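> This one is query38.cif, mmCIF, C-alpha atoms.
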```
data_target
loop_
_atom_site.label_atom_id
_atom_site.label_comp_id
_atom_site.auth_asym_id
_atom_site.auth_seq_id
_atom_site.Cartn_x
_atom_site.Cartn_y
_atom_site.Cartn_z
CA MET A 751 192.99 224.99 13.67
CA GLU A 752 194.10 221.96 15.65
CA PRO A 753 191.78 219.06 16.10
CA ARG A 754 190.18 218.73 19.55
CA PRO A 755 191.10 215.60 21.49
CA PRO A 756 188.25 213.17 21.97
CA ASN A 757 187.96 213.63 25.74
CA ALA A 758 188.81 217.29 25.87
CA PRO A 759 186.12 219.65 27.34
CA ILE A 760 184.38 221.97 25.03
CA SER A 761 185.32 225.54 25.64
CA PRO A 762 182.92 228.39 25.23
CA ASP A 763 184.68 229.42 22.12
CA HIS A 764 184.02 226.01 20.54
CA GLN A 765 180.21 225.81 21.41
CA LEU A 766 177.97 225.29 18.42
CA PRO A 767 175.24 227.84 17.58
CA PRO A 768 171.66 227.02 18.76
CA SER A 769 169.92 224.48 16.68
CA THR A 770 166.89 225.56 14.65
CA THR A 771 165.20 222.15 14.93
CA SER A 772 163.05 223.26 18.14
CA GLU A 773 160.82 225.76 16.27
CA PRO A 774 158.33 223.27 14.74
CA PRO A 775 157.27 221.72 18.14
CA LYS A 776 156.54 225.17 19.66
CA ARG A 777 154.34 226.17 16.73
CA ALA A 778 152.45 222.87 16.90
CA LYS A 779 151.75 223.41 20.62
CA LYS A 780 150.33 226.90 20.04
CA GLY A 781 148.14 225.54 17.26
CA ARG A 782 146.59 222.96 19.59
CA GLN A 783 145.80 225.67 22.21
CA TRP A 784 143.91 227.75 19.66
CA LEU A 785 142.00 224.67 18.57
CA TRP A 786 140.79 224.03 22.16
CA ILE A 787 139.73 227.67 22.54
CA ILE A 788 137.70 227.53 19.34
CA LEU A 789 136.04 224.29 20.44
CA LEU A 790 135.09 225.76 23.84
CA LEU A 791 133.58 228.83 22.21
CA ALA A 792 131.60 226.65 19.87
CA PHE A 793 130.23 224.58 22.77
CA ALA A 794 129.29 227.76 24.68
CA LEU A 795 127.45 229.13 21.66
CA ILE A 796 125.55 225.88 21.21
CA LEU A 797 124.58 225.87 24.92
CA VAL A 798 123.26 229.43 24.74
CA LEU A 799 121.16 228.60 21.68
CA VAL A 800 119.71 225.52 23.41
CA LEU A 801 118.78 227.47 26.54
CA ARG A 802 117.12 230.23 24.53
CA HIS A 803 115.15 227.70 22.56
CA HIS A 804 114.01 225.98 25.79
CA ASP A 805 112.93 229.28 27.35
CA THR A 806 111.00 230.24 24.23
CA SER A 807 109.23 226.88 24.25
CA GLN A 808 108.25 227.30 27.90
CA LYS A 809 106.75 230.72 27.26
CA ALA A 810 104.87 229.41 24.24
CA GLN A 811 103.44 226.41 26.15
CA GLY A 812 102.44 227.92 29.48
CA GLY A 813 103.28 230.37 32.22
CA GLY A 814 99.87 231.18 33.76
CA GLY A 815 98.74 234.57 34.95
CA ARG A 816 97.72 237.37 32.69
CA HIS A 817 100.04 236.70 29.74
CA GLY A 818 100.63 232.93 29.84
CA GLY A 819 98.30 230.13 28.92
CA PHE A 820 97.89 226.66 27.53
CA ALA A 821 97.21 225.93 23.93
CA GLY A 822 94.01 223.95 24.50
CA PRO A 823 90.69 225.02 26.06
CA VAL A 824 90.78 225.68 29.81
CA THR A 825 88.22 224.01 32.08
CA LEU A 826 87.02 226.38 34.80
CA THR A 827 84.14 227.34 37.08
CA ILE A 828 82.29 230.63 36.87
CA THR A 829 80.10 232.97 38.84
CA THR A 830 77.96 235.95 37.97
CA ALA A 831 78.50 239.50 39.19
CA LYS A 832 75.43 240.73 41.03
CA LYS A 833 74.06 243.98 42.37
CA GLY A 834 73.59 244.23 46.12
CA ASP A 835 74.40 245.94 49.40
CA ILE A 836 77.64 245.67 51.34
CA GLY A 837 78.52 246.99 54.78
CA VAL A 838 81.44 249.22 55.70
CA TYR A 839 82.92 247.79 58.90
CA LEU A 840 85.59 248.95 61.34
CA ASP A 841 87.37 246.11 63.14
CA ALA A 842 88.81 246.40 66.63
CA ILE A 843 89.72 244.36 69.70
CA GLY A 844 87.40 244.74 72.66
CA THR A 845 86.93 243.63 76.26
CA VAL A 846 83.66 242.46 77.75
CA THR A 847 82.89 244.86 80.59
CA PRO A 848 79.90 244.54 82.96
CA VAL A 849 77.63 247.54 83.45
CA TYR A 850 77.97 247.06 87.23
CA THR A 851 80.51 245.12 89.27
CA ASP A 852 80.05 245.35 93.05
CA THR A 853 82.79 244.35 95.45
CA ILE A 854 81.14 243.99 98.85
CA TYR A 855 83.05 244.70 102.07
CA ASN A 856 81.88 244.47 105.68
CA GLN A 857 81.31 247.76 107.50
CA VAL A 858 81.15 246.41 111.05
CA THR A 859 83.37 244.15 113.10
CA GLY A 860 81.94 240.76 113.91
CA VAL A 861 81.91 237.03 113.33
CA VAL A 862 80.42 235.64 110.12
CA THR A 863 77.53 233.40 111.13
CA GLN A 864 76.13 232.41 107.76
CA VAL A 865 77.00 232.56 104.02
CA ASN A 866 73.74 232.48 102.09
CA TYR A 867 74.98 232.36 98.49
CA ARG A 868 76.34 229.55 96.35
CA GLU A 869 79.35 230.07 94.16
CA GLY A 870 78.32 231.19 90.70
CA GLN A 871 74.70 231.73 91.76
CA ILE A 872 72.50 234.28 90.02
CA VAL A 873 71.25 236.60 92.77
CA HIS A 874 68.69 239.38 92.60
CA ARG A 875 68.74 242.75 94.23
CA GLY A 876 67.95 242.36 97.94
CA ASP A 877 68.84 238.67 98.17
CA PRO A 878 70.78 237.83 101.39
CA LEU A 879 74.48 237.12 100.95
CA VAL A 880 76.29 237.11 104.32
CA GLU A 881 75.17 237.30 107.97
CA ILE A 882 77.36 238.76 110.75
CA ASP A 883 76.64 238.15 114.44
CA PRO A 884 74.14 240.95 115.28
CA ARG A 885 73.77 240.55 119.07
CA GLN A 886 76.11 243.39 120.01
CA PHE A 887 74.36 245.78 117.68
CA GLU A 888 70.91 244.68 118.80
CA ALA A 889 71.95 245.52 122.36
CA ASN A 890 73.07 248.97 121.24
CA VAL A 891 69.71 249.53 119.58
CA THR A 892 67.90 248.50 122.77
CA THR A 893 70.01 250.92 124.83
CA ALA A 894 69.36 253.76 122.41
CA GLU A 895 65.63 253.04 122.46
CA GLY A 896 65.64 253.14 126.30
CA ASN A 897 67.45 256.47 126.38
CA LEU A 898 65.02 257.88 123.88
CA GLU A 899 62.00 256.76 125.91
CA ARG A 900 63.45 258.19 129.13
CA ASP A 901 64.28 261.57 127.65
CA SER A 902 60.97 261.69 125.84
CA GLY A 903 59.25 261.33 129.24
CA VAL A 904 61.37 264.09 130.74
CA LEU A 905 60.46 266.32 127.79
CA ALA A 906 56.75 265.58 128.27
CA GLN A 907 56.99 266.50 131.97
CA ALA A 908 58.80 269.74 131.14
CA GLU A 909 56.12 270.66 128.61
CA MET A 910 53.36 270.04 131.23
CA ASP A 911 55.16 272.33 133.68
CA LEU A 912 55.49 274.96 130.98
CA ASP A 913 51.71 274.93 130.42
CA ARG A 914 51.13 275.44 134.21
CA TYR A 915 53.62 278.31 134.33
CA ARG A 916 51.92 280.00 131.43
CA GLN A 917 48.52 279.78 133.15
CA ALA A 918 50.00 281.11 136.39
CA TRP A 919 51.76 283.92 134.56
CA ALA A 920 48.43 284.83 132.91
CA LYS A 921 46.97 285.25 136.44
CA ASN A 922 50.07 287.18 137.56
CA ALA A 923 50.77 284.42 140.12
CA ILE A 924 54.47 283.82 139.33
CA ALA A 925 57.44 285.83 138.24
CA ARG A 926 58.32 286.10 134.59
CA GLN A 927 61.71 284.54 135.25
CA LEU A 928 60.18 281.18 136.21
CA LEU A 929 58.26 281.03 132.95
CA ASP A 930 61.35 281.87 130.89
CA ASP A 931 63.44 279.25 132.68
CA GLN A 932 60.85 276.57 132.03
CA GLU A 933 60.72 277.41 128.33
CA LYS A 934 64.49 276.87 128.07
CA ILE A 935 64.25 273.59 129.98
CA VAL A 936 61.74 272.37 127.41
CA LEU A 937 64.11 273.31 124.57
CA GLN A 938 66.98 271.46 126.26
CA ASN A 939 64.90 268.33 126.60
CA GLN A 940 63.81 268.57 122.97
CA GLY A 941 67.48 268.61 121.90
CA LEU A 942 68.24 265.65 124.12
CA VAL A 943 65.41 263.65 122.57
CA LYS A 944 66.64 264.50 119.11
CA SER A 945 70.16 263.32 120.02
CA ASP A 946 68.73 260.07 121.38
CA GLN A 947 66.82 259.59 118.13
CA GLY A 948 70.03 260.09 116.11
CA THR A 949 71.87 257.56 118.23
CA LEU A 950 69.05 255.06 117.75
CA ASP A 951 69.09 255.56 113.98
CA PHE A 952 72.87 255.08 113.86
CA ASP A 953 72.67 251.87 115.86
CA LYS A 954 69.94 250.58 113.55
CA VAL A 955 72.18 251.26 110.56
CA GLN A 956 75.02 249.40 112.22
CA LEU A 957 72.66 246.53 112.89
CA SER A 958 71.59 246.48 109.24
CA TYR A 959 75.24 246.01 108.22
CA CYS A 960 75.09 242.60 109.88
CA HIS A 961 72.56 241.51 107.24
CA ILE A 962 74.35 241.95 103.90
CA THR A 963 72.24 241.73 100.75
CA SER A 964 72.98 241.99 97.03
CA PRO A 965 72.79 245.57 95.73
CA ILE A 966 72.25 244.46 92.10
CA THR A 967 71.03 241.53 90.07
CA GLY A 968 73.90 239.47 88.74
CA ARG A 969 76.17 236.51 89.22
CA VAL A 970 78.08 236.10 92.46
CA GLY A 971 81.65 234.87 92.34
CA LEU A 972 83.55 232.32 94.37
CA ARG A 973 83.03 232.21 98.13
CA LEU A 974 85.56 234.44 99.88
CA VAL A 975 84.60 233.98 103.57
CA ASP A 976 83.34 231.09 105.68
CA PRO A 977 81.13 230.93 108.76
CA GLY A 978 83.19 231.57 111.88
CA ASN A 979 85.57 234.04 110.24
CA LEU A 980 86.13 237.30 112.12
CA VAL A 981 85.92 240.32 109.86
CA GLN A 982 87.13 243.79 110.80
CA SER A 983 85.40 247.00 109.80
CA SER A 984 88.78 248.59 109.15
CA GLY A 985 90.10 245.62 107.15
CA ALA A 986 90.07 244.84 103.44
CA THR A 987 88.24 241.54 103.56
CA VAL A 988 85.95 241.07 100.53
CA LEU A 989 82.75 239.25 101.39
CA ALA A 990 81.44 238.74 97.85
CA VAL A 991 81.69 240.06 94.29
CA VAL A 992 78.51 240.45 92.25
CA THR A 993 78.70 241.14 88.51
CA GLN A 994 75.80 242.09 86.29
CA ILE A 995 75.59 239.70 83.33
CA GLU A 996 72.42 240.79 81.55
CA PRO A 997 72.82 243.19 79.87
CA ILE A 998 76.56 243.51 79.43
CA THR A 999 78.82 245.81 77.44
CA VAL A 1000 81.95 245.58 75.31
CA ILE A 1001 84.51 248.38 75.36
CA PHE A 1002 86.71 248.65 72.27
CA THR A 1003 88.99 251.25 70.70
CA LEU A 1004 89.07 252.88 67.29
CA ALA A 1005 91.75 254.99 65.66
CA GLU A 1006 91.00 258.69 65.72
CA ASP A 1007 91.12 258.69 61.90
CA HIS A 1008 87.77 256.85 61.86
CA LEU A 1009 86.16 259.01 64.53
CA ASP A 1010 84.49 261.42 62.11
CA GLN A 1011 82.65 258.57 60.38
CA VAL A 1012 81.18 257.30 63.65
CA VAL A 1013 80.33 260.74 65.02
CA ALA A 1014 78.54 261.69 61.80
CA GLN A 1015 76.30 258.61 62.04
CA MET A 1016 75.57 259.12 65.75
CA GLN A 1017 74.68 262.79 65.24
CA HIS A 1018 72.06 261.70 62.71
CA GLY A 1019 70.53 259.39 65.31
CA GLN A 1020 71.74 256.18 63.73
CA LYS A 1021 71.92 253.12 66.00
CA LEU A 1022 75.17 251.52 64.86
CA THR A 1023 75.40 247.74 65.05
CA VAL A 1024 78.38 246.04 66.69
CA ASP A 1025 79.13 242.35 66.18
CA ALA A 1026 81.31 240.43 68.62
CA TYR A 1027 83.43 237.57 67.22
CA ASP A 1028 85.66 235.01 68.90
CA ARG A 1029 89.47 235.12 68.83
CA THR A 1030 89.63 233.44 65.41
CA GLN A 1031 87.19 235.99 63.93
CA GLN A 1032 85.27 233.08 62.45
CA THR A 1033 82.32 232.69 64.84
CA LYS A 1034 79.93 235.51 65.65
CA ILE A 1035 79.17 235.48 69.38
CA ALA A 1036 76.57 238.22 69.73
CA THR A 1037 75.18 241.39 68.18
CA GLY A 1038 74.65 244.64 70.04
CA LYS A 1039 74.31 248.39 69.64
CA LEU A 1040 76.81 251.21 70.08
CA ILE A 1041 75.61 253.35 73.00
CA THR A 1042 78.36 255.88 73.66
CA MET A 1043 82.00 256.86 73.28
CA ASP A 1044 84.60 258.37 75.56
CA ASN A 1045 84.91 262.14 75.84
CA GLN A 1046 88.60 262.30 74.94
CA ILE A 1047 91.23 260.66 72.74
CA ASP A 1048 94.10 258.76 74.32
CA THR A 1049 97.14 260.75 73.23
CA THR A 1050 99.54 257.84 73.78
CA THR A 1051 97.76 255.54 71.31
CA GLY A 1052 95.73 257.93 69.17
CA THR A 1053 92.56 255.94 69.86
CA VAL A 1054 89.18 256.58 71.46
CA LYS A 1055 87.12 254.13 73.54
CA LEU A 1056 83.59 253.15 72.58
CA ARG A 1057 81.00 251.11 74.48
CA ALA A 1058 78.48 248.73 72.92
CA LEU A 1059 75.56 247.16 74.78
CA PHE A 1060 74.56 243.47 74.39
CA ASP A 1061 71.49 241.87 75.94
CA ASN A 1062 73.47 238.63 76.55
CA LYS A 1063 70.36 236.58 77.20
CA LYS A 1064 72.28 233.33 76.82
CA ASP A 1065 75.24 234.50 78.95
CA ILE A 1066 77.65 233.90 76.07
CA LEU A 1067 79.71 237.00 76.79
CA PHE A 1068 81.77 236.68 79.96
CA PRO A 1069 83.24 239.59 81.97
CA ASN A 1070 86.81 240.52 80.98
CA GLN A 1071 86.64 238.27 77.90
CA PHE A 1072 88.61 239.46 74.85
CA VAL A 1073 86.56 239.62 71.64
CA ASN A 1074 86.95 240.95 68.12
CA THR A 1075 84.40 243.63 67.32
CA ARG A 1076 83.05 244.79 63.97
CA LEU A 1077 81.31 248.16 63.95
CA LEU A 1078 78.96 248.66 61.01
CA VAL A 1079 79.45 252.31 60.10
CA THR A 1080 77.30 252.45 56.96
CA THR A 1081 75.85 250.27 54.21
CA GLN A 1082 76.61 250.87 50.53
CA HIS A 1083 73.62 250.12 48.29
CA ASP A 1084 73.34 248.91 44.68
CA MET A 1085 76.99 247.93 44.35
CA THR A 1086 78.43 245.42 41.87
CA LEU A 1087 79.57 242.47 43.97
CA ILE A 1088 81.86 239.57 43.04
CA PRO A 1089 83.70 236.93 45.10
CA THR A 1090 87.01 238.23 46.40
CA SER A 1091 88.68 234.97 45.32
CA ALA A 1092 87.91 235.74 41.66
CA ILE A 1093 90.05 238.91 41.72
CA GLN A 1094 93.61 238.56 40.41
CA HIS A 1095 96.49 240.99 40.91
CA ASN A 1096 99.38 242.08 38.74
CA GLY A 1097 101.46 244.45 40.79
CA GLU A 1098 99.16 247.32 41.71
CA GLU A 1099 96.59 246.37 39.06
CA SER A 1100 93.55 244.22 39.79
CA PHE A 1101 91.63 242.30 37.15
CA VAL A 1102 89.25 239.42 36.50
CA TYR A 1103 88.67 237.07 33.59
CA VAL A 1104 85.28 237.82 32.05
CA VAL A 1105 83.87 234.80 30.22
CA ALA A 1106 81.82 235.46 27.07
CA ASN A 1107 81.28 233.55 23.84
CA GLY A 1108 83.40 230.65 25.05
CA ALA A 1109 86.50 232.75 25.72
CA ALA A 1110 88.06 234.54 28.68
CA LYS A 1111 88.91 238.21 28.48
CA VAL A 1112 90.99 240.22 30.92
CA GLN A 1113 89.06 243.10 32.50
CA ASP A 1114 90.72 245.65 34.81
CA LEU A 1115 88.91 246.55 38.03
CA LYS A 1116 88.74 249.27 40.63
CA LEU A 1117 88.27 247.67 44.05
CA GLY A 1118 85.94 248.97 46.73
CA THR A 1119 84.67 247.67 50.06
CA ALA A 1120 85.30 244.00 50.90
CA ASP A 1121 83.30 241.99 53.42
CA ALA A 1122 82.48 238.32 54.08
CA GLY A 1123 84.26 237.07 50.94
CA MET A 1124 82.59 239.60 48.62
CA THR A 1125 84.07 242.77 47.14
CA ALA A 1126 82.40 245.79 45.57
CA VAL A 1127 84.10 246.60 42.24
CA GLU A 1128 83.93 249.02 39.35
CA GLY A 1129 84.79 248.01 35.79
CA ILE A 1130 82.26 245.26 35.17
CA ASN A 1131 78.47 245.19 35.17
CA PRO A 1132 76.01 243.08 37.14
CA GLY A 1133 75.31 239.91 35.17
CA ASP A 1134 78.82 239.57 33.77
CA VAL A 1135 80.18 236.04 34.00
CA ILE A 1136 83.63 235.79 35.55
CA ALA A 1137 86.05 232.91 36.10
CA THR A 1138 86.59 231.58 39.62
CA SER A 1139 89.25 228.91 38.99
CA SER A 1140 92.11 227.75 36.73
CA PHE A 1141 93.82 231.15 36.83
CA GLU A 1142 97.25 229.52 36.34
CA LYS A 1143 96.14 228.35 32.88
CA LEU A 1144 94.19 231.36 31.67
CA GLN A 1145 95.36 234.14 29.41
CA ASP A 1146 93.59 236.90 27.55
CA GLY A 1147 91.53 235.25 24.82
CA SER A 1148 91.80 231.66 26.09
CA LYS A 1149 89.07 229.28 25.00
CA VAL A 1150 87.23 227.90 27.99
CA ILE A 1151 85.06 224.95 28.96
CA LEU A 1152 82.61 225.52 31.80
CA SER A 1153 82.51 223.01 34.62
CA LYS A 1154 79.85 222.62 37.30
CA LYS A 1155 82.23 220.80 39.64
CA PRO A 1156 85.12 222.49 41.49
CA VAL A 1157 88.30 222.48 39.44
CA PRO A 1158 91.43 221.44 41.39
CA GLN A 1159 94.01 224.20 41.55
CA ASP A 1160 97.61 223.78 40.47
CA THR A 1161 99.52 224.81 43.56
CA SER A 1162 102.90 224.48 41.83
CA GLU A 1163 102.41 227.79 40.06
CA SER A 1164 101.40 231.15 41.41
CA ASN A 1165 98.14 232.78 40.37
CA THR A 1166 99.69 236.19 40.58
CA PRO A 1167 101.19 237.27 37.25
#
```
Would you encode the structure as structure tokens?

Amino acid sequence: MEPRPPNAPISPDHQLPPSTTSEPPKRAKKGRQWLWIILLLAFALILVLVLRHHDTSQKAQGGGGRHGGFAGPVTLTITTAKKGDIGVYLDAIGTVTPVYTDTIYNQVTGVVTQVNYREGQIVHRGDPLVEIDPRQFEANVTTAEGNLERDSGVLAQAEMDLDRYRQAWAKNAIARQLLDDQEKIVLQNQGLVKSDQGTLDFDKVQLSYCHITSPITGRVGLRLVDPGNLVQSSGATVLAVVTQIEPITVIFTLAEDHLDQVVAQMQHGQKLTVDAYDRTQQTKIATGKLITMDNQIDTTTGTVKLRALFDNKKDILFPNQFVNTRLLVTTQHDMTLIPTSAIQHNGEESFVYVVANGAAKVQDLKLGTADAGMTAVEGINPGDVIATSSFEKLQDGSKVILSKKPVPQDTSESNTP
């Protein structure tokens, strides 16, 4: 084999075989990758253990509700379950509706001469409200009276002639035909007098329409006409609106599902009480009695209307005012009552913490009627002492310290387990 010149290119046939010196660096690189993977797994395992330990510590130190609690005694306030009566109410929205509301129109054409009422005045039945110029109608009455007097005189003369004809006929001095004719003349005059009397009565009625009085006792509204206004009998001009204020009613609706409860009480002669509250349902406005219900159910809403009567002596209820009504259907007697705020909930379960011998014990309840912050319950007895605060710290068996002052609540945690 000839030696290759120094500057001669290397042919493929003269290339050296691959060198084996690159293997150690590749193995070292793979070793470092496995080392990083092992370190990451170790860190992940340590992190999981730390988190589990922290969670276990939190559960051991607190958590509130039915299963959590604090290690030390819990300071709380208490109340005692008592035996008493509680009402079963049905709530609804109602509208204050007057017993009578009279919209007064004029029935004759004329000029308003006087308005006798003040806006918002309480008027009594028969009090004058509006005066319409009566002169035309007084003249009609005078004419009708004159016609009646004239025809009454003609009738009297015809009756005198009839008496003469009857005497002459008794002596056979006149023909029968004259007597019969005179009898018919008397009947004609009697009819004419009766017609005149009807005309006079009609004109008197028309004249009375000029003096408009209040048909009921109530409050009159704003003035709707002024003196000098011309009102037409065929028009739609309202002269005044009078609304009865005392007594007054409230109409409200109840779902047909509750109808049987109300009907059963009414059939037994019970006078059901209805309370009217303001819009916030915080202030009681008045108390009345249920007097009647509608004779049919509204098929579009599935409700029935009921009417309650209120004496409204202080005029607190105002016509067309919206109120919240509470109908007392019945009263449950000798029930175990506790404050609604003392009841705790865990899903569908309800319970309270019964305090005895310096410890709190969880007691399940069956809830009944609730009203005015009190609830009738089953599961505890009257006289049992129950907790009314610090629910976020209590657990079954917690030691407790009783406090006479309100205990501030921890709003950062929920009281519902």
> I'd like the residues picked by the PyMOL selection byres ((chain A and resi 1101) around 6) written out as JSON, numbers by chain, using the chain letters and numbers from the file.
{"A": [1093, 1094, 1100, 1102, 1113, 1114, 1115]}
> With 8 Å added on each side, what axis-aligned box encloses every listed atom of region 932-943 of chain A? Give the centre and edge lengths in Å to one decimal, as JSON.

```
{"center_x": 64.5, "center_y": 270.5, "center_z": 127.0, "size_x": 23.5, "size_y": 29.8, "size_z": 26.1}
```
> Do you have the CA of Ile882 (chain A)-CA of Val858 (chain A) distance handy?
8.5 Å
> Tell me which of A:Leu1087, A:Arg914, A:Leu957, A:Thr853 sits closest to Ala889 (chain A), counting only C-alpha atoms.
A:Leu957
> Decode the PyMOL selection byres ((chain A and resi 897) around 12) for the given file into explicit residues and return them as a ChimeraX atom specification.
/A:890-896,898-904,942-950
> At a cut-off of 6 Å, using all atoms listed in the file, what residues contact Arg1076 (chain A)? Leave out same-chain residues fewer than 4 positions from it and give the result as a ChimeraX atom specification.
/A:839-841,1024-1025
> Would you mind exporting the chosen residues as an mmCIF file, keeping the file's coordinate frame, restricted to C-alpha atoms?

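See selection.cif below for the written result:
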```cif
data_model
loop_
_atom_site.group_PDB
_atom_site.id
_atom_site.type_symbol
_atom_site.label_atom_id
_atom_site.label_comp_id
_atom_site.auth_asym_id
_atom_site.auth_seq_id
_atom_site.Cartn_x
_atom_site.Cartn_y
_atom_site.Cartn_z
ATOM 1 C CA TYR A 839 82.920 247.790 58.900
ATOM 2 C CA LEU A 840 85.590 248.950 61.340
ATOM 3 C CA ASP A 841 87.370 246.110 63.140
ATOM 4 C CA VAL A 1024 78.380 246.040 66.690
ATOM 5 C CA ASP A 1025 79.130 242.350 66.180
#
```
> Between A:Leu790, A:Leu1009, A:Ile796, A:Leu1067, which has the minimum distance to Ala1026 (chain A) (counting all atoms listed in the file)?
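Answer, going by the shortest atom-to-atom distance: A:Leu1067.
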> Do you have the CA of Leu1022 (chain A)-CA of Lys832 (chain A) distance handy?
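Answer for the CA of Leu1022 (chain A) to CA of Lys832 (chain A) separation: 26.2 Å.
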> Mind pulling up the distance from CA of Leu1077 (chain A) to CA of Ile966 (chain A)?
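Here the two named atoms are 29.8 Å from each other.
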> Contacts of region 992-1005 of chain A at 9 Å or less, counting all atoms listed in the file, minus same-chain residues fewer than 6 places along, as a PDB file with C-alpha atoms, in the frame of the given file?

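Once written, result11.pdb looks like this:
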```pdb
ATOM      1  CA  LEU A 840      85.590 248.950  61.340  1.00  0.00           C
ATOM      2  CA  ASP A 841      87.370 246.110  63.140  1.00  0.00           C
ATOM      3  CA  ALA A 842      88.810 246.400  66.630  1.00  0.00           C
ATOM      4  CA  ILE A 843      89.720 244.360  69.700  1.00  0.00           C
ATOM      5  CA  GLY A 844      87.400 244.740  72.660  1.00  0.00           C
ATOM      6  CA  THR A 845      86.930 243.630  76.260  1.00  0.00           C
ATOM      7  CA  VAL A 846      83.660 242.460  77.750  1.00  0.00           C
ATOM      8  CA  THR A 847      82.890 244.860  80.590  1.00  0.00           C
ATOM      9  CA  PRO A 848      79.900 244.540  82.960  1.00  0.00           C
ATOM     10  CA  VAL A 849      77.630 247.540  83.450  1.00  0.00           C
ATOM     11  CA  TYR A 850      77.970 247.060  87.230  1.00  0.00           C
ATOM     12  CA  THR A 851      80.510 245.120  89.270  1.00  0.00           C
ATOM     13  CA  ASP A 852      80.050 245.350  93.050  1.00  0.00           C
ATOM     14  CA  THR A 853      82.790 244.350  95.450  1.00  0.00           C
ATOM     15  CA  ILE A 854      81.140 243.990  98.850  1.00  0.00           C
ATOM     16  CA  ILE A 872      72.500 234.280  90.020  1.00  0.00           C
ATOM     17  CA  VAL A 873      71.250 236.600  92.770  1.00  0.00           C
ATOM     18  CA  SER A 964      72.980 241.990  97.030  1.00  0.00           C
ATOM     19  CA  PRO A 965      72.790 245.570  95.730  1.00  0.00           C
ATOM     20  CA  ILE A 966      72.250 244.460  92.100  1.00  0.00           C
ATOM     21  CA  THR A 967      71.030 241.530  90.070  1.00  0.00           C
ATOM     22  CA  GLY A 968      73.900 239.470  88.740  1.00  0.00           C
ATOM     23  CA  ARG A 969      76.170 236.510  89.220  1.00  0.00           C
ATOM     24  CA  VAL A 970      78.080 236.100  92.460  1.00  0.00           C
ATOM     25  CA  GLY A 971      81.650 234.870  92.340  1.00  0.00           C
ATOM     26  CA  ALA A1026      81.310 240.430  68.620  1.00  0.00           C
ATOM     27  CA  GLY A1038      74.650 244.640  70.040  1.00  0.00           C
ATOM     28  CA  THR A1051      97.760 255.540  71.310  1.00  0.00           C
ATOM     29  CA  GLY A1052      95.730 257.930  69.170  1.00  0.00           C
ATOM     30  CA  THR A1053      92.560 255.940  69.860  1.00  0.00           C
ATOM     31  CA  VAL A1054      89.180 256.580  71.460  1.00  0.00           C
ATOM     32  CA  LYS A1055      87.120 254.130  73.540  1.00  0.00           C
ATOM     33  CA  LEU A1056      83.590 253.150  72.580  1.00  0.00           C
ATOM     34  CA  ARG A1057      81.000 251.110  74.480  1.00  0.00           C
ATOM     35  CA  ALA A1058      78.480 248.730  72.920  1.00  0.00           C
ATOM     36  CA  LEU A1059      75.560 247.160  74.780  1.00  0.00           C
ATOM     37  CA  PHE A1060      74.560 243.470  74.390  1.00  0.00           C
ATOM     38  CA  ASP A1061      71.490 241.870  75.940  1.00  0.00           C
ATOM     39  CA  ASN A1062      73.470 238.630  76.550  1.00  0.00           C
ATOM     40  CA  LYS A1063      70.360 236.580  77.200  1.00  0.00           C
ATOM     41  CA  LYS A1064      72.280 233.330  76.820  1.00  0.00           C
ATOM     42  CA  ASP A1065      75.240 234.500  78.950  1.00  0.00           C
ATOM     43  CA  LEU A1067      79.710 237.000  76.790  1.00  0.00           C
ATOM     44  CA  PHE A1068      81.770 236.680  79.960  1.00  0.00           C
ATOM     45  CA  PRO A1069      83.240 239.590  81.970  1.00  0.00           C
ATOM     46  CA  VAL A1073      86.560 239.620  71.640  1.00  0.00           C
ATOM     47  CA  ASN A1074      86.950 240.950  68.120  1.00  0.00           C
ATOM     48  CA  THR A1075      84.400 243.630  67.320  1.00  0.00           C
TER      49      THR A1075
END
```
> Determine, counting all atoms listed in the file, which protein, DNA and RNA residues have an atom within 7 Å of an atom of region 924-935 of chain A; residues of the same chain fewer than 4 positions away are not included. Present the result as a ChimeraX atom specification.
/A:908,912,915-916,918-919,939
> Write out, as a PDB file, in the frame of the given file, the residues just selected, with C-alpha atoms.

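again12.pdb was written with the following content:
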```pdb
ATOM      1  CA  ALA A 908      58.800 269.740 131.140  1.00  0.00           C
ATOM      2  CA  LEU A 912      55.490 274.960 130.980  1.00  0.00           C
ATOM      3  CA  TYR A 915      53.620 278.310 134.330  1.00  0.00           C
ATOM      4  CA  ARG A 916      51.920 280.000 131.430  1.00  0.00           C
ATOM      5  CA  ALA A 918      50.000 281.110 136.390  1.00  0.00           C
ATOM      6  CA  TRP A 919      51.760 283.920 134.560  1.00  0.00           C
ATOM      7  CA  ASN A 939      64.900 268.330 126.600  1.00  0.00           C
TER       8      ASN A 939
END
```
> Smallest atom-to-atom distance to Gly1129 (chain A): which of A:His874, A:Leu799, A:Ala831, A:His961, using only C-alpha atoms?
A:Ala831
> Evaluated on this file, the PyMOL selection byres ((chain A and resi 962) around 10) picks out some residues - which ones are they, written as a list in words?
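Residues picked by the PyMOL selection byres ((chain A and resi 962) around 10): Ile854, Tyr855, Asn856, Gln857, Val865, Asn866, Gly876, Asp877, Pro878, Leu879, Val880, Glu881, Ile882, Ser958, Tyr959, Cys960, His961, Thr963, Ser964, Pro965, Leu989 and Ala990 of chain A.
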> Find the spatial neighbours of Val1150 (chain A), counting only C-alpha atoms, within a cut-off of 9 Å - ignore same-chain residues fewer than 4 positions away - and output them as number ranges by chain.
A: 822-826, 1105, 1108-1110, 1144
> So that I can check the surroundings of Thr1090 (chain A), please list as a PyMOL selection string every protein, DNA and RNA residue that reaches within 8 Å of it, counting only C-alpha atoms and ignoring chain neighbours fewer than 4 positions away.
chain A and resi 1120+1123-1125
